[in-house]
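> My questions all concern the structure below.
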Amino acid sequence: MTDLIWIVARSTGTAAIVALVLSVLSGMALRSGALAWLSHNRGVRAVHDLTSVLWLPLAIAHVIALMLDPYAKIGFADLLVPFLVSYGSFAIGLGTISLQLIVVVLISTWLRSSLTHQGWLAIHRLSYVAFVAAFAHGLLAGTDFAQPVLVALAWLTATVIVIVAFRRLTAARGRQSEARSKTVAIP
Amino acid sequence: MAQRKPSPLISSVNALRGLAAGITMLSLAGMTVYAGGHLRNDAAPLQPAAAAAAATTAPAAATTTTSSTGRLQLSRTVTTTTRARSVTTTHHS
């Protein structure tokens, strides 16, 4: 039984990171058009919505399995207060922080209609911080991230995300300068 | 003349949803199979305190001796997370 719990903890942790990568990637591609070759914006948005929801049960299963695992020794308090665990407190604390931030982002998405656009956007941007924390948590604490193939895949994915983020930034700047030039042109 | 935009690779929203869910579930299934075959990973960056202590302590060794009374004595080392203690039991046969 302990072995099964340990297997569930490891597999759901990796799958949660995969879902998070897909969610962040599709979210960034929405405005930049980085995935225009793959699908139109409606499809990319559908992937973003689906993977954001897919991530939640995987992360919950990962946390519950680690709480049940007698070796991991993760307590309920570790879910609320990061960096409390007696070993690898920084690596595990990053996981706690990313979990809390993404839960906040998900709740803000469900309450979007009662938030201002600026307020929602500010909270939604926390998902970048959460992703970096989750990625570092996977690299520093993940049992399977010691495998060269998985490490290579993780860094390849991180590189793709940085490229898409750069494209999104340049696209946003392009739109801003275009809007500014139109404002100047009006007599 | 305006250039026509090339059509995307996957135009169906459901197909794209299926692809994303498939990638996630494939990673879940793949990692379940892999972790099932490799329960321990000594190269893992984190080793929980209990497991690390058990690994560094000598494994339990059992020795069998016969006492002067002719009874079989089984000695073994019981490993705890803090220290090792020895336990001797007499086999009554």
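Identifiers in this document derive from the order of the structure tokens: chains are assigned A, B, ..., residues are numbered from 1 separately in each chain, and ligands are numbered from 1 in order of occurrence.
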Please identify all residues of chain B having at least one atom at most 10 Å from any atom of chain A, considering only C-alpha atoms, and return them as an NGL selection string.
:B and (5-21 or 23-52)
> Within 7 Å of Ile5 (chain A), counting only C-alpha atoms, which residues show up once you throw out same-chain ones fewer than 4 positions away? Write them as a list of chain:residue names, please.
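Here the answer would be A:Met1, A:Ala9, A:Ala65, A:Asp69.
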> Restricting it to C-alpha atoms, dump the selection as a PDB file, in the first residue's frame.

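Final file, result-v4.pdb:
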ATOM      1  CA  MET A   1       0.000   0.000   0.000  1.00  0.00           C
ATOM      2  CA  ALA A   9       2.623  10.853  -5.458  1.00  0.00           C
ATOM      3  CA  ALA A  65      -0.507  11.006  -1.491  1.00  0.00           C
ATOM      4  CA  ASP A  69       3.165   8.584   2.656  1.00  0.00           C
TER       5      ASP A  69
END
> To test your reading of the structure, identify every residue in region 16-176 of chain A that backbone DSSP assigns to helix (DSSP H, G or I), and report it as a ChimeraX atom specification.
/A:16-32,41-68,76-80,89-110,112-114,117-124,126-141,143-146,148-176
> Report the distance between CA of Ser26 (chain A) and CA of Leu106 (chain A) in Å, rounded to one decimal place.
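Separation between CA of Ser26 (chain A) and CA of Leu106 (chain A): 15.5 Å.
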> One decimal, in Å: what's the spacing between CA of Thr157 (chain A) and CA of Gly22 (chain B)?
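Atom-to-atom, CA of Thr157 (chain A) and CA of Gly22 (chain B) are spaced 17.2 Å apart.
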> Which of these residues is nearest to Val53 (chain A), using only C-alpha atoms: A:Ser32, A:Leu66, A:Gly75, A:Thr109?
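Looking at the shortest contact to Val53 (chain A), the residue is A:Thr109.
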> To one decimal place, how far is CA of Thr96 (chain A) from CA of Met67 (chain A) in Å?
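These two atoms are separated by 12.7 Å.
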